[in-house]
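Everything on this sheet refers to the single structure shown next.
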Amino acid sequence: MHASGAERPAEQVEEVVADCVTALRAVADRDWEGVRAGRLEWDCRETAVHMASDLLAYAGQLAGRAQDAYIPFEITLDGTDDGLDPADNAGVLQVITTTGALLAATIRTTPRAVRAFHPYPFRHANREGFAAMGVAEVLLHTHDIAEGLGVRYEPPAEPASFVLTRIFPRVRPGPTPWQTLLWATGRGELPGREPVGPWRWSNNPVLRGERLDLEGLTPASAADLGAGGDGGFAWVGSAPAEGTRVGAGMMVKQYEEGEFLPEWTAYVLVRREDDLAVGAMGFHSAPDEDGRVEVGYDLVEDARGHGYATEALRTLSAWALAQDGVRTVTAVIDRDNVASQGVVTRAGFTRVGEDGAKGEYVYEIREVRGAGETGEA
């Protein structure tokens, strides 16, 4: 969604915060302390303070460009340092409004390529990831507080879909985005699915090459690319290659079938010097039972001839071979595609076979074995 840049993610934060405050203002005269928030161990006031704290923490991570840990600060709402009375529930809601505005403003002013520390699972997130995490915190904890106080809360569908398609890539869509999000976070049931126990969300992976960052696609980006959009990237030559769109469509199908694996899908190749995307590269599926995984790629025409595909293939295949259980990375190249044969050869692949009927060569690169290892089963 590059055309809208950071605007829509920031708006999502503002909209769910406004919806939260409207819903909880109706019960602000109730006692929130000592009333358990849904299935949480916290009471409703603690949950509301936690919500505000997370919104501020996410803004701080992005604004401070934190790389290795959370920035060490926190907020307090009790006013005891100044001898003031503790903030009442209306005051807590005012803090949620303020911290939500700070996160939205930070998202709007953070460049697309910036990633800041978040511990799970890849130790970083971009502005859209932090927006999705902020929206998730507000949606879910407003639900928890409302459940604890015995009132109904039903947010619009779009924010829940925003969260699911960015930080819950492994979750197969359900009847509605809100029902699916509640189920995915252990707060509800879905017909035909087992209850969820411990859970975590997942930001997209990024692999770092010499000149390129390989940015894993989210289901949201894949859907936009497959529909003719830019996927949230500015492209050399203004648009991705057709093969990228086809691959993105395959990713959407994987997501809809609950088979989307963030690490084993497509990566957009982004040039660090100018934040322009030059192509895409990725895996056809997760490694098979023999530890084999197949890779495919394409570049936009204006980016060819600069060694980007070779660099990206070295980066991606080295990463794959470092994963547990992966023994071989394979590439299948048309016999007439001499340029692509040169790419895989320069990246360290060896031709190991040929499919004469399809007119294709098979190349592979294998894990490097230590002394004394024979590679035999």
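Going through the structure tokens in order, the chains are called A, B, and so on, while each chain numbers its residues from 1 and the ligands are numbered from 1 in the order shown.
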TODO: Name all residues at most 7 Å from stretch 277-289 of chain A (count only C-alpha atoms; drop same-chain ones fewer than 3 positions away) and give them as a ChimeraX atom specification.
DONE: /A:233-236,240,244,264-271,292-300,303,326
TODO: Check stretch 8-80 of chain A with DSSP on the backbone and list each residue it calls helix (DSSP H, G or I), as a PyMOL selection string.
DONE: chain A and resi 8-25+44-64+80
Please produce a file of those selected residues containing N, CA, C and O atoms, as a compact mmCIF listing (two decimals), in the first residue's frame.
```
# COMPACT_ATOMS: atom_id res chain seq x y z
N ARG A 8 -2.60 5.11 6.28
CA ARG A 8 -3.64 4.20 6.72
C ARG A 8 -3.28 3.48 8.01
O ARG A 8 -4.14 3.36 8.90
N PRO A 9 -2.05 2.97 8.18
CA PRO A 9 -1.71 2.39 9.48
C PRO A 9 -1.90 3.37 10.64
O PRO A 9 -2.41 2.99 11.70
N ALA A 10 -1.51 4.64 10.44
CA ALA A 10 -1.70 5.63 11.50
C ALA A 10 -3.18 5.86 11.78
O ALA A 10 -3.61 5.98 12.94
N GLU A 11 -3.97 5.92 10.72
CA GLU A 11 -5.41 6.10 10.89
C GLU A 11 -6.04 4.92 11.63
O GLU A 11 -6.96 5.10 12.44
N GLN A 12 -5.54 3.71 11.34
CA GLN A 12 -6.07 2.54 12.04
C GLN A 12 -5.87 2.68 13.54
O GLN A 12 -6.76 2.35 14.34
N VAL A 13 -4.69 3.15 13.95
CA VAL A 13 -4.43 3.35 15.38
C VAL A 13 -5.41 4.38 15.94
O VAL A 13 -6.04 4.16 16.99
N GLU A 14 -5.54 5.50 15.27
CA GLU A 14 -6.43 6.56 15.76
C GLU A 14 -7.87 6.09 15.86
O GLU A 14 -8.58 6.40 16.83
N GLU A 15 -8.31 5.33 14.87
CA GLU A 15 -9.71 4.89 14.84
C GLU A 15 -10.02 3.89 15.95
O GLU A 15 -11.08 3.98 16.60
N VAL A 16 -9.12 2.94 16.19
CA VAL A 16 -9.42 1.96 17.25
C VAL A 16 -9.31 2.60 18.63
O VAL A 16 -10.05 2.22 19.54
N VAL A 17 -8.40 3.55 18.79
CA VAL A 17 -8.30 4.25 20.07
C VAL A 17 -9.58 5.05 20.32
O VAL A 17 -10.14 5.02 21.43
N ALA A 18 -10.07 5.76 19.31
CA ALA A 18 -11.31 6.52 19.47
C ALA A 18 -12.48 5.59 19.80
O ALA A 18 -13.32 5.91 20.66
N ASP A 19 -12.53 4.44 19.13
CA ASP A 19 -13.60 3.47 19.38
C ASP A 19 -13.50 2.91 20.80
O ASP A 19 -14.52 2.75 21.49
N CYS A 20 -12.29 2.63 21.23
CA CYS A 20 -12.04 2.14 22.59
C CYS A 20 -12.53 3.15 23.63
O CYS A 20 -13.25 2.80 24.57
N VAL A 21 -12.13 4.39 23.47
CA VAL A 21 -12.47 5.42 24.45
C VAL A 21 -13.98 5.65 24.49
O VAL A 21 -14.57 5.80 25.56
N THR A 22 -14.62 5.62 23.33
CA THR A 22 -16.07 5.76 23.30
C THR A 22 -16.74 4.61 24.05
O THR A 22 -17.68 4.82 24.84
N ALA A 23 -16.28 3.40 23.82
CA ALA A 23 -16.89 2.23 24.46
C ALA A 23 -16.68 2.25 25.97
O ALA A 23 -17.61 1.95 26.75
N LEU A 24 -15.48 2.61 26.41
CA LEU A 24 -15.17 2.54 27.84
C LEU A 24 -15.62 3.77 28.61
O LEU A 24 -15.80 3.71 29.83
N ARG A 25 -15.81 4.88 27.90
CA ARG A 25 -16.31 6.08 28.59
C ARG A 25 -17.70 5.83 29.17
O ARG A 25 -18.06 6.38 30.21
N CYS A 44 -9.39 -4.48 35.53
CA CYS A 44 -9.69 -3.64 34.37
C CYS A 44 -8.82 -2.38 34.33
O CYS A 44 -8.41 -1.95 33.24
N ARG A 45 -8.54 -1.81 35.48
CA ARG A 45 -7.69 -0.61 35.49
C ARG A 45 -6.27 -0.97 35.06
O ARG A 45 -5.66 -0.26 34.25
N GLU A 46 -5.72 -2.05 35.60
CA GLU A 46 -4.38 -2.47 35.20
C GLU A 46 -4.30 -2.73 33.70
O GLU A 46 -3.31 -2.40 33.04
N THR A 47 -5.35 -3.29 33.15
CA THR A 47 -5.38 -3.59 31.72
C THR A 47 -5.39 -2.31 30.90
O THR A 47 -4.71 -2.20 29.88
N ALA A 48 -6.16 -1.32 31.36
CA ALA A 48 -6.20 -0.04 30.65
C ALA A 48 -4.84 0.66 30.70
O ALA A 48 -4.38 1.24 29.71
N VAL A 49 -4.20 0.61 31.85
CA VAL A 49 -2.87 1.22 31.97
C VAL A 49 -1.86 0.50 31.09
O VAL A 49 -1.01 1.12 30.44
N HIS A 50 -1.96 -0.83 31.05
CA HIS A 50 -1.09 -1.61 30.18
C HIS A 50 -1.28 -1.20 28.72
O HIS A 50 -0.31 -1.09 27.96
N MET A 51 -2.51 -1.00 28.30
CA MET A 51 -2.80 -0.59 26.94
C MET A 51 -2.09 0.73 26.61
O MET A 51 -1.41 0.86 25.59
N ALA A 52 -2.22 1.71 27.49
CA ALA A 52 -1.56 2.99 27.28
C ALA A 52 -0.05 2.84 27.27
O ALA A 52 0.64 3.46 26.45
N SER A 53 0.47 2.01 28.15
CA SER A 53 1.92 1.81 28.23
C SER A 53 2.47 1.21 26.95
O SER A 53 3.54 1.60 26.46
N ASP A 54 1.74 0.24 26.38
CA ASP A 54 2.21 -0.38 25.14
C ASP A 54 2.17 0.60 23.98
O ASP A 54 3.08 0.61 23.14
N LEU A 55 1.13 1.41 23.89
CA LEU A 55 1.07 2.41 22.82
C LEU A 55 2.26 3.35 22.90
O LEU A 55 2.89 3.68 21.88
N LEU A 56 2.59 3.78 24.11
CA LEU A 56 3.73 4.67 24.27
C LEU A 56 5.04 3.95 23.98
O LEU A 56 5.95 4.49 23.35
N ALA A 57 5.16 2.69 24.43
CA ALA A 57 6.39 1.92 24.18
C ALA A 57 6.63 1.73 22.70
O ALA A 57 7.76 1.88 22.22
N TYR A 58 5.58 1.43 21.94
CA TYR A 58 5.75 1.24 20.50
C TYR A 58 6.16 2.54 19.82
O TYR A 58 7.02 2.55 18.93
N ALA A 59 5.57 3.65 20.25
CA ALA A 59 5.99 4.95 19.71
C ALA A 59 7.45 5.22 20.05
O ALA A 59 8.22 5.71 19.21
N GLY A 60 7.83 4.88 21.27
CA GLY A 60 9.22 5.10 21.67
C GLY A 60 10.20 4.26 20.90
O GLY A 60 11.28 4.74 20.54
N GLN A 61 9.84 3.00 20.63
CA GLN A 61 10.74 2.14 19.85
C GLN A 61 11.00 2.73 18.47
O GLN A 61 12.14 2.77 18.00
N LEU A 62 9.94 3.17 17.80
CA LEU A 62 10.10 3.72 16.46
C LEU A 62 10.81 5.07 16.49
O LEU A 62 11.74 5.32 15.71
N ALA A 63 10.39 5.94 17.38
CA ALA A 63 10.98 7.28 17.43
C ALA A 63 12.46 7.22 17.80
O ALA A 63 13.28 7.97 17.27
N GLY A 64 12.79 6.31 18.73
CA GLY A 64 14.16 6.20 19.19
C GLY A 64 15.02 5.27 18.37
O GLY A 64 16.22 5.13 18.63
N THR A 80 1.30 9.99 42.34
CA THR A 80 1.84 10.05 43.70
C THR A 80 3.14 10.84 43.78
O THR A 80 3.46 11.38 44.83
```
Open item on the list: Rounded to one decimal, what separation in Å do you get between atom CA of A:Thr109 and atom CA of A:Met133?
Closed with: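 Interatomic distance here is 17.5 Å.
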Open item on the list: If we count only C-alpha atoms and set the cut-off at 9 Å, which residues sit around stretch 254-257 of chain A, ignoring sequence neighbours fewer than 4 positions away in its own chain? Please answer as a count of residues only.
Closed with: 10
Open item on the list: Could you list, as a count of residues only, every residue within 12 Å of A:Gly192, counting only C-alpha atoms and ignoring same-chain residues fewer than 3 positions away?
Closed with: 5
- [ ] To one decimal in Å, tell me the separation between atom CA of A:Pro119 and atom CA of A:Thr218.
- [x]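 One can read the atom CA of A:Pro119 to atom CA of A:Thr218 distance as 18.1 Å.
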Task: Straight-line distance linking atom CA of A:Arg366 with atom CA of A:Glu215, stated in Å to one decimal - done: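 Between atom CA of A:Arg366 and atom CA of A:Glu215 the gap is 23.6 Å.
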TODO: From a DSSP pass on the backbone, collect the residues of stretch 215-333 of chain A flagged as strand (DSSP E) and hand them back as a ChimeraX atom specification.
DONE: /A:215-216,234-235,266-271,276-283,292-299,328-333
Open item on the list: Let me make sure I understand: among A:Leu214, A:Val206, A:Ala309, A:Ala136, which one has the smallest atom-to-atom distance to A:Trp178 if we use only C-alpha atoms?
Closed with: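 Among the listed residues, A:Ala136 lies closest to A:Trp178.
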Task: A:Arg115, A:Arg108, A:Arg211, A:Arg245 ranked by distance to A:Ala227, top pick (using only C-alpha atoms) - done: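 Residue with the minimum atom-to-atom distance to A:Ala227: A:Arg245.
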Task: Close residues, A:Leu182 itself excluded, 12 Å, only C-alpha atoms, min 5 positions apart in chain, as JSON, numbers by chain - done: {"A": [38, 39, 136, 137, 139, 140, 141, 142, 143, 144, 154, 155, 160, 161, 163, 164, 168, 171, 173, 174, 175, 176, 177, 187, 188, 189, 190, 195, 196, 199]}
Open item on the list: I'd like the contact shell of stretch 340-347 of chain A - 7 Å cut-off, only C-alpha atoms, skipping same-chain residues fewer than 4 positions apart - returned as a ChimeraX atom specification.
Closed with: /A:309-310,313-314,333
Task: Nearest to A:Thr110 by atom-to-atom distance, counting only C-alpha atoms, from A:Leu93, A:Ala6, A:Ala37, A:Leu149 - done: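 Selected residue with least distance to A:Thr110: A:Ala6.
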Task: Pick from A:Ser221, A:Asp290, A:Arg127, A:Gly91, whichever lies nearest to A:Gly325 using only C-alpha atoms - done: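 Between A:Ser221, A:Asp290, A:Arg127, A:Gly91, the residue approaching A:Gly325 most closely is A:Asp290.
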- [ ] Name the closest residue to A:Pro205 among the candidates A:Ala26, A:Leu217, A:Leu77, A:Ala101; distances are taken between atoms, counting only C-alpha atoms.
- [x] A:Leu217
- [ ] Do a neighbour search on A:Asn204 at 9 Å with only C-alpha atoms, toss out local chain neighbours closer than 6 positions, and write the hits as a list in words.
- [x] Pro121, Phe122, His124, Ala125, Asn126, Gly129, Arg166, Ile167, Pro169, Glu215, Gly216, Leu217, Thr218, Pro262 and Glu263 of chain A
Residues of the last selection are to be written out with all heavy atoms, as a short mmCIF file (atom, residue, chain, number, x, y, z; two decimals), in the first residue's frame.
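What landed in result_10.cif:
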```cif
data_model
loop_
_atom_site.label_atom_id
_atom_site.label_comp_id
_atom_site.auth_asym_id
_atom_site.auth_seq_id
_atom_site.Cartn_x
_atom_site.Cartn_y
_atom_site.Cartn_z
N PRO A 121 9.10 -12.48 16.36
CA PRO A 121 10.08 -13.56 16.49
C PRO A 121 11.43 -13.22 15.89
O PRO A 121 12.40 -13.93 16.09
CB PRO A 121 9.43 -14.69 15.70
CG PRO A 121 8.72 -13.97 14.59
CD PRO A 121 8.26 -12.65 15.16
N PHE A 122 11.50 -12.11 15.14
CA PHE A 122 12.73 -11.80 14.40
C PHE A 122 13.47 -10.58 14.96
O PHE A 122 14.38 -10.07 14.33
CB PHE A 122 12.40 -11.57 12.91
CG PHE A 122 11.66 -12.73 12.29
CD1 PHE A 122 10.35 -12.57 11.84
CD2 PHE A 122 12.26 -13.97 12.18
CE1 PHE A 122 9.66 -13.64 11.27
CE2 PHE A 122 11.57 -15.04 11.62
CZ PHE A 122 10.27 -14.87 11.16
N HIS A 124 12.60 -7.45 15.37
CA HIS A 124 12.42 -6.13 14.75
C HIS A 124 11.02 -6.04 14.15
O HIS A 124 10.36 -7.06 13.89
CB HIS A 124 13.46 -5.87 13.68
CG HIS A 124 13.59 -6.96 12.67
ND1 HIS A 124 12.60 -7.24 11.74
CD2 HIS A 124 14.57 -7.88 12.44
CE1 HIS A 124 12.98 -8.26 10.98
NE2 HIS A 124 14.16 -8.68 11.39
N ALA A 125 10.56 -4.81 13.94
CA ALA A 125 9.30 -4.56 13.24
C ALA A 125 9.40 -3.20 12.57
O ALA A 125 10.14 -2.31 13.02
CB ALA A 125 8.13 -4.57 14.23
N ASN A 126 8.64 -3.03 11.48
CA ASN A 126 8.61 -1.72 10.81
C ASN A 126 7.39 -0.94 11.30
O ASN A 126 6.67 -1.37 12.21
CB ASN A 126 8.59 -1.89 9.29
CG ASN A 126 7.38 -2.67 8.79
OD1 ASN A 126 6.43 -2.92 9.54
ND2 ASN A 126 7.40 -3.05 7.53
N GLY A 129 4.19 -2.84 11.22
CA GLY A 129 4.14 -3.86 12.26
C GLY A 129 3.79 -3.27 13.62
O GLY A 129 2.96 -3.81 14.35
N ARG A 166 -1.23 -8.80 8.90
CA ARG A 166 0.11 -8.27 9.08
C ARG A 166 0.92 -8.99 10.15
O ARG A 166 2.12 -9.19 9.97
CB ARG A 166 0.04 -6.77 9.38
CG ARG A 166 -0.31 -5.99 8.11
CD ARG A 166 -0.93 -4.65 8.41
NE ARG A 166 -1.22 -3.95 7.16
CZ ARG A 166 -2.34 -4.13 6.44
NH1 ARG A 166 -3.26 -5.00 6.84
NH2 ARG A 166 -2.54 -3.45 5.32
N ILE A 167 0.30 -9.39 11.24
CA ILE A 167 1.09 -10.02 12.31
C ILE A 167 0.55 -11.38 12.74
O ILE A 167 1.06 -11.95 13.70
CB ILE A 167 1.25 -9.08 13.53
CG1 ILE A 167 -0.11 -8.67 14.09
CG2 ILE A 167 2.08 -7.86 13.15
CD1 ILE A 167 0.00 -7.87 15.40
N PRO A 169 0.19 -14.10 10.23
CA PRO A 169 0.19 -14.69 8.90
C PRO A 169 -0.12 -16.17 8.86
O PRO A 169 -0.56 -16.69 7.83
CB PRO A 169 1.63 -14.43 8.41
CG PRO A 169 2.44 -14.33 9.66
CD PRO A 169 1.54 -13.66 10.65
N GLU A 215 12.98 -8.42 2.25
CA GLU A 215 11.89 -8.19 3.18
C GLU A 215 10.75 -9.18 2.91
O GLU A 215 10.16 -9.19 1.84
CB GLU A 215 11.37 -6.76 3.05
CG GLU A 215 12.42 -5.70 3.34
CD GLU A 215 11.84 -4.31 3.44
OE1 GLU A 215 10.60 -4.19 3.59
OE2 GLU A 215 12.61 -3.34 3.35
N GLY A 216 10.47 -10.01 3.91
CA GLY A 216 9.41 -10.99 3.76
C GLY A 216 8.05 -10.33 3.59
O GLY A 216 7.72 -9.36 4.28
N LEU A 217 7.26 -10.83 2.66
CA LEU A 217 5.94 -10.28 2.40
C LEU A 217 4.95 -10.73 3.48
O LEU A 217 4.97 -11.87 3.92
CB LEU A 217 5.42 -10.74 1.05
CG LEU A 217 5.95 -10.02 -0.19
CD1 LEU A 217 5.37 -10.65 -1.45
CD2 LEU A 217 5.61 -8.54 -0.16
N THR A 218 4.08 -9.82 3.88
CA THR A 218 2.94 -10.17 4.72
C THR A 218 1.77 -10.57 3.82
O THR A 218 1.76 -10.26 2.62
CB THR A 218 2.51 -8.98 5.58
OG1 THR A 218 2.06 -7.93 4.70
CG2 THR A 218 3.66 -8.47 6.44
N PRO A 262 5.78 -17.49 7.26
CA PRO A 262 6.49 -16.24 6.97
C PRO A 262 7.91 -16.41 6.46
O PRO A 262 8.34 -15.71 5.55
CB PRO A 262 6.47 -15.50 8.31
CG PRO A 262 5.33 -16.08 9.05
CD PRO A 262 5.22 -17.50 8.62
N GLU A 263 8.66 -17.36 7.04
CA GLU A 263 10.06 -17.52 6.64
C GLU A 263 10.20 -18.20 5.28
O GLU A 263 11.21 -17.99 4.58
CB GLU A 263 10.82 -18.37 7.67
CG GLU A 263 10.76 -17.85 9.09
CD GLU A 263 9.66 -18.51 9.89
OE1 GLU A 263 8.54 -18.70 9.34
OE2 GLU A 263 9.92 -18.85 11.06
#
```
- [ ] Identify which of the residues A:Glu210, A:Glu147, A:Glu364, A:Glu7 lies closest to A:Val332, counting only C-alpha atoms when measuring atom-to-atom distances.
- [x]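 Smallest separation from A:Val332 among the options: A:Glu364.
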